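Asker: What follows is the file data.pdb, containing PDB, C-alpha atoms (C1' of nucleotides):
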ATOM      1  CA  MET A1001      12.002   5.546 -19.023
ATOM      2  CA  ALA A1002       8.554   4.554 -18.051
ATOM      3  CA  GLU A1003       8.618   0.885 -18.899
ATOM      4  CA  SER A1004      11.297  -1.313 -20.177
ATOM      5  CA  GLN A1005       9.318  -4.031 -18.507
ATOM      6  CA  PRO A1006       7.674  -6.707 -20.642
ATOM      7  CA  ILE A1007       4.847  -6.662 -18.206
ATOM      8  CA  LYS A1008       1.428  -8.097 -18.800
ATOM      9  CA  ARG A1009      -0.470  -4.885 -18.697
ATOM     10  CA  ARG A1010      -4.173  -4.687 -17.958
ATOM     11  CA  HIS A1011      -3.337  -5.577 -14.416
ATOM     12  CA  ARG A1012      -2.302  -2.408 -12.781
ATOM     13  CA  LYS A1013       1.036  -1.993 -11.126
ATOM     14  CA  THR A1014      -0.782  -1.643  -7.913
ATOM     15  CA  ARG A1015       1.627   0.415  -5.906
ATOM     16  CA  ALA A1016       2.353   3.097  -8.484
ATOM     17  CA  ASP A1017      -1.202   3.359  -9.755
ATOM     18  CA  HIS A1018      -2.597   3.508  -6.317
ATOM     19  CA  ALA A1019      -0.188   6.277  -5.384
ATOM     20  CA  SER A1020      -1.360   8.475  -8.236
ATOM     21  CA  GLU A1021      -4.970   7.837  -7.293
ATOM     22  CA  VAL A1022      -4.254   9.208  -3.862
ATOM     23  CA  ALA A1023      -2.470  12.168  -5.391
ATOM     24  CA  GLU A1024      -5.500  12.901  -7.559
ATOM     25  CA  ASP A1025      -7.872  12.620  -4.647
ATOM     26  CA  TYR A1026      -5.750  15.005  -2.650
ATOM     27  CA  VAL A1027      -5.229  17.682  -5.279
ATOM     28  CA  GLU A1028      -8.914  17.509  -6.123
ATOM     29  CA  ALA A1029      -9.788  17.986  -2.462
ATOM     30  CA  ILE A1030      -7.242  20.750  -1.969
ATOM     31  CA  ALA A1031      -8.618  22.685  -4.934
ATOM     32  CA  ASP A1032     -12.164  22.156  -3.738
ATOM     33  CA  ILE A1033     -11.483  23.233  -0.167
ATOM     34  CA  ALA A1034      -9.357  26.187  -1.236
ATOM     35  CA  GLN A1035     -12.192  27.340  -3.457
ATOM     36  CA  THR A1036     -14.817  27.064  -0.736
ATOM     37  CA  LYS A1037     -12.930  28.362   2.250
ATOM     38  CA  GLY A1038     -10.132  30.390   0.772
ATOM     39  CA  VAL A1039      -7.334  28.199   2.067
ATOM     40  CA  CYS A1040      -6.784  24.513   2.591
ATOM     41  CA  ARG A1041      -5.231  23.246   5.805
ATOM     42  CA  ALA A1042      -4.100  19.750   6.712
ATOM     43  CA  VAL A1043      -6.941  19.406   9.166
ATOM     44  CA  ASP A1044      -9.483  20.010   6.398
ATOM     45  CA  LEU A1045      -8.093  17.133   4.416
ATOM     46  CA  ALA A1046      -7.950  14.956   7.505
ATOM     47  CA  THR A1047     -11.647  15.585   8.072
ATOM     48  CA  ARG A1048     -12.577  15.012   4.467
ATOM     49  CA  PHE A1049     -10.698  11.758   4.090
ATOM     50  CA  GLY A1050     -11.314  10.487   7.577
ATOM     51  CA  VAL A1051      -7.650  10.028   8.378
ATOM     52  CA  THR A1052      -5.365  11.577  10.961
ATOM     53  CA  GLY A1053      -3.481  14.803  10.428
ATOM     54  CA  VAL A1054      -0.273  12.843  10.552
ATOM     55  CA  THR A1055      -1.250  10.805   7.533
ATOM     56  CA  VAL A1056      -2.253  13.947   5.666
ATOM     57  CA  ASN A1057       1.066  15.490   6.528
ATOM     58  CA  ARG A1058       3.058  12.684   5.024
ATOM     59  CA  THR A1059       0.884  12.478   1.941
ATOM     60  CA  ILE A1060       1.283  16.203   1.363
ATOM     61  CA  ALA A1061       5.039  15.730   1.664
ATOM     62  CA  ARG A1062       4.805  13.335  -1.269
ATOM     63  CA  LEU A1063       2.771  15.812  -3.281
ATOM     64  CA  VAL A1064       5.444  18.415  -2.609
ATOM     65  CA  ARG A1065       8.158  15.957  -3.573
ATOM     66  CA  ASP A1066       6.285  15.251  -6.811
ATOM     67  CA  GLY A1067       5.852  18.904  -7.642
ATOM     68  CA  LEU A1068       2.108  19.089  -7.134
ATOM     69  CA  ALA A1069       1.954  21.248  -4.010
ATOM     70  CA  THR A1070       3.993  23.612  -1.880
ATOM     71  CA  THR A1071       4.011  24.146   1.841
ATOM     72  CA  GLU A1072       5.716  26.218   4.476
ATOM     73  CA  PRO A1073       5.704  25.261   8.140
ATOM     74  CA  TYR A1074       2.319  25.781   9.766
ATOM     75  CA  ALA A1075       0.989  27.421   6.632
ATOM     76  CA  PRO A1076      -1.914  26.385   4.398
ATOM     77  CA  ILE A1077      -1.280  24.009   1.527
ATOM     78  CA  ARG A1078      -1.125  25.424  -1.953
ATOM     79  CA  LEU A1079      -1.102  23.696  -5.306
ATOM     80  CA  THR A1080       1.519  24.294  -7.941
ATOM     81  CA  THR A1081       0.426  25.015 -11.488
ATOM     82  CA  THR A1082       0.913  21.348 -12.258
ATOM     83  CA  GLY A1083      -1.149  20.434  -9.233
ATOM     84  CA  GLN A1084      -3.933  22.751 -10.274
ATOM     85  CA  ARG A1085      -4.012  21.303 -13.748
ATOM     86  CA  LEU A1086      -4.255  17.821 -12.311
ATOM     87  CA  ALA A1087      -7.012  18.952  -9.966
ATOM     88  CA  THR A1088      -9.010  20.423 -12.816
ATOM     89  CA  ARG A1089      -8.667  17.340 -14.951
ATOM     90  CA  SER A1090      -9.601  15.113 -12.006
ATOM     91  CA  ARG A1091     -12.648  17.142 -11.183
ATOM     92  CA  GLN A1092     -13.844  17.133 -14.760
ATOM     93  CA  ARG A1093     -13.444  13.405 -14.978
ATOM     94  CA  HIS A1094     -15.156  12.956 -11.643
ATOM     95  CA  GLU A1095     -18.063  15.069 -12.829
ATOM     96  CA  ILE A1096     -18.423  13.117 -16.047
ATOM     97  CA  VAL A1097     -18.496   9.818 -14.191
ATOM     98  CA  LEU A1098     -20.962  11.140 -11.641
ATOM     99  CA  GLN A1099     -23.350  12.574 -14.226
ATOM    100  CA  PHE A1100     -23.098   9.389 -16.217
ATOM    101  CA  LEU A1101     -24.108   7.221 -13.290
ATOM    102  CA  VAL A1102     -27.019   9.507 -12.508
ATOM    103  CA  ALA A1103     -28.112   9.479 -16.144
ATOM    104  CA  LEU A1104     -27.973   5.704 -16.024
ATOM    105  CA  GLY A1105     -30.425   5.663 -13.156
ATOM    106  CA  VAL A1106     -28.186   5.299 -10.128
ATOM    107  CA  SER A1107     -29.314   7.262  -7.099
ATOM    108  CA  ARG A1108     -27.321  10.372  -6.436
ATOM    109  CA  SER A1109     -25.936   9.202  -3.106
ATOM    110  CA  THR A1110     -24.726   5.901  -4.518
ATOM    111  CA  ALA A1111     -23.453   7.624  -7.643
ATOM    112  CA  GLU A1112     -21.334   9.914  -5.515
ATOM    113  CA  ILE A1113     -19.746   7.019  -3.692
ATOM    114  CA  ASP A1114     -19.159   4.895  -6.781
ATOM    115  CA  ALA A1115     -17.818   7.788  -8.839
ATOM    116  CA  GLU A1116     -15.051   8.193  -6.273
ATOM    117  CA  GLY A1117     -13.936   4.653  -6.826
ATOM    118  CA  ILE A1118     -14.518   4.430 -10.554
ATOM    119  CA  GLU A1119     -13.017   7.697 -11.749
ATOM    120  CA  HIS A1120      -9.456   6.539 -11.412
ATOM    121  CA  HIS A1121      -9.991   3.518 -13.623
ATOM    122  CA  VAL A1122     -11.720   4.998 -16.615
ATOM    123  CA  SER A1123      -9.717   5.290 -19.818
ATOM    124  CA  PRO A1124     -10.179   8.274 -22.125
ATOM    125  CA  GLU A1125     -12.113   6.091 -24.552
ATOM    126  CA  THR A1126     -14.555   4.925 -21.912
ATOM    127  CA  LEU A1127     -14.876   8.431 -20.577
ATOM    128  CA  LYS A1128     -15.927   9.585 -24.019
ATOM    129  CA  CYS A1129     -18.595   6.903 -24.111
ATOM    130  CA  PHE A1130     -19.830   7.994 -20.697
ATOM    131  CA  LYS A1131     -20.085  11.562 -21.909
ATOM    132  CA  SER A1132     -21.931  10.628 -25.080
ATOM    133  CA  PHE A1133     -24.435   8.609 -23.131
ATOM    134  CA  THR A1134     -25.096  11.344 -20.622
ATOM    135  CA  ASP A1135     -25.542  13.908 -23.380
ATOM    136  CA  SER A1136     -27.921  11.807 -25.425
ATOM    137  CA  ALA A1137     -29.827  10.743 -22.322
ATOM    138  CA  GLY A1138     -30.439  14.409 -21.584
ATOM    139  CA  LYS A1139     -32.173  15.242 -24.857
ATOM    140  CA  PRO A1140     -33.714  12.266 -26.596
TER     141      PRO A1140
ATOM    142  CA  MET B1076     -14.687   2.276  19.957
ATOM    143  CA  ALA B1077     -15.826   1.131  16.593
ATOM    144  CA  GLU B1078     -18.832   3.348  16.145
ATOM    145  CA  SER B1079     -17.151   6.410  17.541
ATOM    146  CA  GLN B1080     -15.626   7.113  14.150
ATOM    147  CA  PRO B1081     -17.195  10.182  12.604
ATOM    148  CA  ILE B1082     -15.569   9.150   9.398
ATOM    149  CA  LYS B1083     -16.543  10.662   6.115
ATOM    150  CA  ARG B1084     -17.221   7.558   4.158
ATOM    151  CA  ARG B1085     -17.255   7.649   0.377
ATOM    152  CA  HIS B1086     -13.517   7.848   0.570
ATOM    153  CA  ARG B1087     -12.294   4.358   0.910
ATOM    154  CA  LYS B1088     -10.117   3.244   3.734
ATOM    155  CA  THR B1089      -7.407   2.720   1.255
ATOM    156  CA  ARG B1090      -5.287   0.076   2.850
ATOM    157  CA  ALA B1091      -8.025  -2.353   3.742
ATOM    158  CA  ASP B1092     -10.031  -1.860   0.570
ATOM    159  CA  HIS B1093      -7.040  -2.220  -1.605
ATOM    160  CA  ALA B1094      -6.088  -5.432   0.137
ATOM    161  CA  SER B1095      -9.474  -6.989  -0.565
ATOM    162  CA  GLU B1096      -9.287  -5.910  -4.197
ATOM    163  CA  VAL B1097      -6.083  -7.834  -4.521
ATOM    164  CA  ALA B1098      -7.676 -10.817  -2.812
ATOM    165  CA  GLU B1099     -10.521 -10.733  -5.324
ATOM    166  CA  ASP B1100      -8.176 -10.480  -8.259
ATOM    167  CA  TYR B1101      -6.220 -13.438  -6.995
ATOM    168  CA  VAL B1102      -9.106 -15.769  -6.233
ATOM    169  CA  GLU B1103     -10.645 -14.876  -9.574
ATOM    170  CA  ALA B1104      -7.386 -15.706 -11.320
ATOM    171  CA  ILE B1105      -6.855 -18.888  -9.348
ATOM    172  CA  ALA B1106     -10.326 -20.141 -10.229
ATOM    173  CA  ASP B1107      -9.820 -19.205 -13.860
ATOM    174  CA  ILE B1108      -6.435 -20.863 -14.171
ATOM    175  CA  ALA B1109      -7.524 -23.953 -12.261
ATOM    176  CA  GLN B1110     -10.457 -24.312 -14.634
ATOM    177  CA  THR B1111      -8.329 -23.989 -17.752
ATOM    178  CA  LYS B1112      -5.289 -26.002 -16.790
ATOM    179  CA  GLY B1113      -6.480 -28.221 -14.004
ATOM    180  CA  VAL B1114      -4.276 -26.703 -11.329
ATOM    181  CA  CYS B1115      -3.020 -23.269 -10.442
ATOM    182  CA  ARG B1116       0.609 -22.735  -9.515
ATOM    183  CA  ALA B1117       2.307 -19.632  -8.184
ATOM    184  CA  VAL B1118       4.159 -19.178 -11.444
ATOM    185  CA  ASP B1119       0.868 -18.982 -13.345
ATOM    186  CA  LEU B1120      -0.265 -16.107 -11.180
ATOM    187  CA  ALA B1121       3.115 -14.432 -11.467
ATOM    188  CA  THR B1122       2.794 -14.533 -15.250
ATOM    189  CA  ARG B1123      -0.774 -13.319 -15.234
ATOM    190  CA  PHE B1124      -0.180 -10.399 -12.909
ATOM    191  CA  GLY B1125       3.264  -9.522 -14.163
ATOM    192  CA  VAL B1126       4.867  -9.794 -10.740
ATOM    193  CA  THR B1127       7.558 -12.042  -9.341
ATOM    194  CA  GLY B1128       6.873 -15.428  -7.820
ATOM    195  CA  VAL B1129       7.993 -14.057  -4.497
ATOM    196  CA  THR B1130       5.226 -11.499  -4.480
ATOM    197  CA  VAL B1131       2.684 -14.131  -5.418
ATOM    198  CA  ASN B1132       3.930 -16.320  -2.624
ATOM    199  CA  ARG B1133       3.387 -13.713   0.000
ATOM    200  CA  THR B1134       0.006 -12.706  -1.350
ATOM    201  CA  ILE B1135      -1.126 -16.308  -1.304
ATOM    202  CA  ALA B1136       0.012 -16.521   2.310
ATOM    203  CA  ARG B1137      -2.437 -13.733   3.060
ATOM    204  CA  LEU B1138      -5.223 -15.544   1.249
ATOM    205  CA  VAL B1139      -4.460 -18.613   3.338
ATOM    206  CA  ARG B1140      -4.411 -16.534   6.497
ATOM    207  CA  ASP B1141      -7.799 -15.087   5.528
ATOM    208  CA  GLY B1142      -9.318 -18.483   4.830
ATOM    209  CA  LEU B1143      -9.639 -18.100   1.070
ATOM    210  CA  ALA B1144      -7.025 -20.615  -0.084
ATOM    211  CA  THR B1145      -4.975 -23.555   1.104
ATOM    212  CA  THR B1146      -1.464 -24.588   0.204
ATOM    213  CA  GLU B1147       1.072 -27.256   0.993
ATOM    214  CA  PRO B1148       4.757 -26.798   0.289
ATOM    215  CA  TYR B1149       5.552 -26.942  -3.415
ATOM    216  CA  ALA B1150       1.989 -27.922  -4.221
ATOM    217  CA  PRO B1151      -0.581 -26.153  -6.388
ATOM    218  CA  ILE B1152      -2.825 -23.530  -4.819
ATOM    219  CA  ARG B1153      -6.394 -24.467  -4.043
ATOM    220  CA  LEU B1154      -9.318 -22.313  -3.040
ATOM    221  CA  THR B1155     -11.420 -22.973   0.010
ATOM    222  CA  THR B1156     -15.187 -23.012  -0.313
ATOM    223  CA  THR B1157     -15.199 -19.407   0.802
ATOM    224  CA  GLY B1158     -12.546 -18.592  -1.760
ATOM    225  CA  GLN B1159     -14.526 -20.259  -4.500
ATOM    226  CA  ARG B1160     -17.655 -18.365  -3.604
ATOM    227  CA  LEU B1161     -15.709 -15.105  -3.716
ATOM    228  CA  ALA B1162     -14.200 -16.085  -7.058
ATOM    229  CA  THR B1163     -17.596 -16.807  -8.525
ATOM    230  CA  ARG B1164     -19.058 -13.560  -7.322
ATOM    231  CA  SER B1165     -16.052 -11.634  -8.589
ATOM    232  CA  ARG B1166     -16.174 -13.245 -11.977
ATOM    233  CA  GLN B1167     -19.880 -12.534 -12.340
ATOM    234  CA  ARG B1168     -19.391  -8.942 -11.415
ATOM    235  CA  HIS B1169     -16.442  -8.668 -13.751
ATOM    236  CA  GLU B1170     -18.522 -10.100 -16.563
ATOM    237  CA  ILE B1171     -21.390  -7.711 -15.936
ATOM    238  CA  VAL B1172     -19.069  -4.708 -15.993
ATOM    239  CA  LEU B1173     -17.313  -5.941 -19.125
ATOM    240  CA  GLN B1174     -20.534  -6.599 -21.036
ATOM    241  CA  PHE B1175     -21.865  -3.267 -19.928
ATOM    242  CA  LEU B1176     -18.878  -1.375 -21.274
ATOM    243  CA  VAL B1177     -19.090  -3.235 -24.553
ATOM    244  CA  ALA B1178     -22.824  -2.539 -24.795
ATOM    245  CA  LEU B1179     -22.048   1.103 -24.178
ATOM    246  CA  GLY B1180     -19.766   1.167 -27.190
ATOM    247  CA  VAL B1181     -16.345   0.748 -25.650
ATOM    248  CA  SER B1182     -13.980  -1.390 -27.688
ATOM    249  CA  ARG B1183     -13.446  -4.848 -26.321
ATOM    250  CA  SER B1184      -9.783  -4.373 -25.588
ATOM    251  CA  THR B1185     -10.334  -1.153 -23.662
ATOM    252  CA  ALA B1186     -13.373  -2.629 -21.953
ATOM    253  CA  GLU B1187     -11.273  -5.504 -20.684
ATOM    254  CA  ILE B1188      -8.711  -3.182 -19.197
ATOM    255  CA  ASP B1189     -11.211  -0.796 -17.644
ATOM    256  CA  ALA B1190     -13.401  -3.571 -16.267
ATOM    257  CA  GLU B1191     -10.425  -4.764 -14.234
ATOM    258  CA  GLY B1192     -10.161  -1.419 -12.556
ATOM    259  CA  ILE B1193     -13.832  -0.605 -12.243
ATOM    260  CA  GLU B1194     -15.233  -3.872 -10.966
ATOM    261  CA  HIS B1195     -14.008  -3.378  -7.432
ATOM    262  CA  HIS B1196     -15.741  -0.049  -7.059
ATOM    263  CA  VAL B1197     -19.224  -0.818  -8.262
ATOM    264  CA  SER B1198     -21.953  -1.014  -5.646
ATOM    265  CA  PRO B1199     -24.775  -3.544  -5.978
ATOM    266  CA  GLU B1200     -27.144  -0.759  -6.999
ATOM    267  CA  THR B1201     -24.905   0.432  -9.803
ATOM    268  CA  LEU B1202     -24.263  -3.125 -10.884
ATOM    269  CA  LYS B1203     -27.992  -3.621 -11.268
ATOM    270  CA  CYS B1204     -28.169  -0.537 -13.472
ATOM    271  CA  PHE B1205     -25.308  -1.852 -15.577
ATOM    272  CA  LYS B1206     -27.111  -5.141 -16.016
ATOM    273  CA  SER B1207     -30.378  -3.508 -16.962
ATOM    274  CA  PHE B1208     -28.685  -1.374 -19.555
ATOM    275  CA  THR B1209     -26.843  -4.278 -21.124
ATOM    276  CA  ASP B1210     -30.014  -6.343 -21.272
ATOM    277  CA  SER B1211     -32.113  -3.623 -22.858
ATOM    278  CA  ALA B1212     -29.321  -2.679 -25.243
ATOM    279  CA  GLY B1213     -29.332  -6.250 -26.510
ATOM    280  CA  LYS B1214     -32.936  -6.175 -27.758
ATOM    281  CA  PRO B1215     -34.116  -2.705 -28.729
TER     282      PRO B1215
ATOM    283  C1'  DA C 549      -0.752  39.133  28.359
ATOM    284  C1'  DC C 550      -1.626  34.597  29.028
ATOM    285  C1'  DC C 551      -3.405  30.063  29.063
ATOM    286  C1'  DA C 552      -5.816  26.666  26.648
ATOM    287  C1'  DA C 553      -7.325  24.763  22.542
ATOM    288  C1'  DA C 554      -6.369  23.709  17.931
ATOM    289  C1'  DC C 555      -3.256  22.621  14.611
ATOM    290  C1'  DT C 556       1.228  20.901  12.793
ATOM    291  C1'  DT C 557       5.286  18.361  13.140
ATOM    292  C1'  DT C 558       8.398  14.553  14.524
ATOM    293  C1'  DA C 559       9.343   9.916  15.884
ATOM    294  C1'  DG C 560       8.263   5.356  15.600
ATOM    295  C1'  DC C 561       4.962   1.465  15.100
ATOM    296  C1'  DC C 562       2.445  -1.918  11.709
ATOM    297  C1'  DA C 563       0.619  -3.961   7.189
ATOM    298  C1'  DC C 564       0.635  -4.449   2.252
ATOM    299  C1'  DT C 565       2.875  -5.082  -2.102
ATOM    300  C1'  DG C 566       6.613  -4.511  -5.034
ATOM    301  C1'  DC C 567      11.719  -6.123  -5.608
ATOM    302  C1'  DT C 568      16.534  -9.030  -5.643
ATOM    303  C1'  DA C 569      19.485 -12.649  -4.002
ATOM    304  C1'  DA C 570      20.115 -17.011  -2.496
ATOM    305  C1'  DA C 571      18.716 -21.555  -0.788
ATOM    306  C1'  DT C 572      15.739 -25.377  -1.413
ATOM    307  C1'  DT C 573      12.776 -28.602  -3.747
ATOM    308  C1'  DT C 574      10.687 -30.665  -7.723
ATOM    309  C1'  DC C 575      10.576 -31.708 -12.455
ATOM    310  C1'  DT C 576      12.709 -33.087 -16.989
ATOM    311  C1'  DG C 577      15.613 -34.667 -20.510
ATOM    312  C1'  DT C 578      19.345 -37.456 -21.784
TER     313       DT C 578
ATOM    314  C1'  DA D  94      20.258 -41.824 -12.487
ATOM    315  C1'  DC D  95      21.467 -37.562 -12.378
ATOM    316  C1'  DA D  96      22.532 -32.915 -13.930
ATOM    317  C1'  DG D  97      20.363 -28.815 -15.109
ATOM    318  C1'  DA D  98      16.129 -26.208 -15.448
ATOM    319  C1'  DA D  99      12.120 -24.590 -13.283
ATOM    320  C1'  DA D 100       9.525 -23.539  -9.398
ATOM    321  C1'  DT D 101       9.152 -22.420  -4.590
ATOM    322  C1'  DT D 102      10.652 -20.655  -0.369
ATOM    323  C1'  DT D 103      13.284 -17.632   2.815
ATOM    324  C1'  DA D 104      15.517 -13.363   4.023
ATOM    325  C1'  DG D 105      15.822  -8.700   3.638
ATOM    326  C1'  DC D 106      15.152  -3.839   1.202
ATOM    327  C1'  DA D 107      11.956   0.069  -0.316
ATOM    328  C1'  DG D 108       7.840   2.830  -0.695
ATOM    329  C1'  DT D 109       2.979   3.881   0.433
ATOM    330  C1'  DG D 110      -0.395   4.691   3.776
ATOM    331  C1'  DG D 111      -2.632   3.735   8.119
ATOM    332  C1'  DC D 112      -1.905   4.624  13.403
ATOM    333  C1'  DT D 113      -0.497   6.696  18.424
ATOM    334  C1'  DA D 114       2.252   9.508  21.404
ATOM    335  C1'  DA D 115       4.508  13.471  22.280
ATOM    336  C1'  DA D 116       6.523  17.910  21.226
ATOM    337  C1'  DG D 117       6.237  22.368  19.018
ATOM    338  C1'  DT D 118       3.596  26.430  17.048
ATOM    339  C1'  DT D 119      -0.486  29.385  16.269
ATOM    340  C1'  DT D 120      -4.610  31.167  17.511
ATOM    341  C1'  DG D 121      -8.429  32.607  20.431
ATOM    342  C1'  DG D 122     -10.768  33.854  24.613
ATOM    343  C1'  DT D 123     -10.693  36.046  29.019
TER     344       DT D 123
END
Mind turning the file's structure into structure tokens?
Answerer:
Amino acid sequence: MAESQPIKRRHRKTRADHASEVAEDYVEAIADIAQTKGVCRAVDLATRFGVTGVTVNRTIARLVRDGLATTEPYAPIRLTTTGQRLATRSRQRHEIVLQFLVALGVSRSTAEIDAEGIEHHVSPETLKCFKSFTDSAGKP
Amino acid sequence: MAESQPIKRRHRKTRADHASEVAEDYVEAIADIAQTKGVCRAVDLATRFGVTGVTVNRTIARLVRDGLATTEPYAPIRLTTTGQRLATRSRQRHEIVLQFLVALGVSRSTAEIDAEGIEHHVSPETLKCFKSFTDSAGKP
DNA sequence: ACCAAACTTTAGCCACTGCTAAATTTCTGT
DNA sequence: ACAGAAATTTAGCAGTGGCTAAAGTTTGGT
């Protein structure tokens, strides 16, 4: 039921695509924080993303609605199995993009910023090319 | 008040950044269409982006508000000088990203799709690296 | 034990970007 | 010229993602 629309693809359906980007950023962050500090609280995400706790709260509600996370009142946020899978995939992709940019000669600090933006727009094919380049750049 | 934000940058302020991405896409498209067919009408943009004319209308209103375009009722859309400069810069950046992906080995069709998504997230430093790679890949 | 600080939640605001329906204007073909 | 088609505009709905203010809950320090 995805698309019955005869839409000119290549231009993203901004709203939907953007929403899943946010979801990926959040699950990635939740997994990361949970790994480092044991649990992930709303305030941790608020700090990381530079938004208010209120915004985090509502975003988490969407993750819960979409089956990516679970919450109980005043309790830490936990990922569902689906959410964890998405987090893992996102982190892997993020890492590939980051290493690629570094291998290309971009400074680490810039690479970290750009990888955040780029990772959500890289197709599997392009990702494979990134990986190949990084690998071959390592051992010439 | 401005500088009191201890905000973790690297994560984009989604709303604002997304809005300017859309602005770039639109001015780029307007310039492109105007060049090919003489004028650019709302319906042309609607077709290109796969959205309704209503959506285009409101987006154009924002471009006008932001000084990037001008309109008169029922007349074609025209870019301001500022809008044209932005269009030119956007198109150049788009072209650099596209050529880079192709040089990297990505198929043209995928490269065209991915370039659309990536171009808004590439810093000047990374863009320079892209350019260098494409140039050196040309003549080995 | 208690009060204060920190955190979470609720309520309600705004902007952006989709949409449909309906009214208006312009264009086109006969 | 004029009717119908095409394009534009207006009005109003929905969902995402920012915010502040204020209320509720947990947690920590004395």
Asker: For the PyMOL selection byres ((chain C) within 9 of (chain A)), applied here, can you spell out every residue it catches as a PyMOL selection string?
Answerer: chain C and resi 555-557+565-566
Asker: Record the distance separating CA of Thr1059 in chain A and CA of Ala1190 in chain B, expressed in Å with one decimal.
Answerer: 28.2 Å
Asker: Could you tell me which residues the PyMOL selection byres ((chain D) within 8 of (chain A)) returns for this structure, as a ChimeraX atom specification?
Answerer: /D:109-111,118-119
Asker: Check which residues satisfy the PyMOL selection byres ((chain B) within 7 of (chain A)) in the file shown, then give them as a PDB file with C-alpha atoms, keeping the file's coordinate frame.
Answerer:
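File produced: result_31.pdb:
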ATOM      1  CA  ILE B1082     -15.569   9.150   9.398  1.00  0.00           C
ATOM      2  CA  LYS B1083     -16.543  10.662   6.115  1.00  0.00           C
ATOM      3  CA  ARG B1085     -17.255   7.649   0.377  1.00  0.00           C
ATOM      4  CA  HIS B1086     -13.517   7.848   0.570  1.00  0.00           C
ATOM      5  CA  ARG B1123      -0.774 -13.319 -15.234  1.00  0.00           C
ATOM      6  CA  PHE B1124      -0.180 -10.399 -12.909  1.00  0.00           C
ATOM      7  CA  GLY B1125       3.264  -9.522 -14.163  1.00  0.00           C
ATOM      8  CA  LEU B1179     -22.048   1.103 -24.178  1.00  0.00           C
ATOM      9  CA  GLY B1180     -19.766   1.167 -27.190  1.00  0.00           C
ATOM     10  CA  VAL B1181     -16.345   0.748 -25.650  1.00  0.00           C
ATOM     11  CA  ILE B1188      -8.711  -3.182 -19.197  1.00  0.00           C
ATOM     12  CA  ASP B1189     -11.211  -0.796 -17.644  1.00  0.00           C
ATOM     13  CA  GLY B1192     -10.161  -1.419 -12.556  1.00  0.00           C
ATOM     14  CA  ILE B1193     -13.832  -0.605 -12.243  1.00  0.00           C
ATOM     15  CA  HIS B1196     -15.741  -0.049  -7.059  1.00  0.00           C
ATOM     16  CA  VAL B1197     -19.224  -0.818  -8.262  1.00  0.00           C
ATOM     17  CA  SER B1198     -21.953  -1.014  -5.646  1.00  0.00           C
ATOM     18  CA  GLU B1200     -27.144  -0.759  -6.999  1.00  0.00           C
ATOM     19  CA  THR B1201     -24.905   0.432  -9.803  1.00  0.00           C
ATOM     20  CA  CYS B1204     -28.169  -0.537 -13.472  1.00  0.00           C
TER      21      CYS B1204
END
Asker: First superpose chain A onto chain B using a least-squares fit over all Cα atoms taken in order; then report the RMSD in Å.
Answerer: 1.1 Å
Asker: Measure the distance from CA of Thr1081 in chain A to CA of Leu1068 in chain A in Å and round it to one decimal.
Answerer: 7.5 Å
Asker: So how far away is CA of Thr1209 in chain B from CA of Gln1174 in chain B, in Å?
Answerer: 6.7 Å
Asker: Taking (13.9, -31.2, -6.8) as a centre in this file's frame and 12 Å as the limit, can you find every polymer residue with an atom that close, using all atoms listed in the file, and give them as number ranges by chain?
Answerer: B: 1149; C: 572-576; D: 95-101
Asker: So, counting only C-alpha atoms, which residue among B:Leu1138, B:Leu1161, B:Leu1120, B:Ala1212 is closest to Phe1175 in chain B?
Answerer: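 When distances to Phe1175 in chain B are compared using only C-alpha atoms, the smallest one comes from B:Ala1212.
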Asker: Here is a test: counting only C-alpha atoms, which residue of A:Leu1098, A:Glu1021, A:Gly1067, A:Thr1036 is nearest to Arg1085 in chain A?
Answerer: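 Closest to Arg1085 in chain A, using only C-alpha atoms: A:Gly1067.
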Asker: Pull the neighbourhood of (15.6, -1.9, 0.4) for me: all residues within 12 Å in file coordinates, counting all atoms listed in the file, as a list of chain:residue names.
Answerer: C:DG566, C:DC567, C:DT568, D:DG105, D:DC106, D:DA107, D:DG108
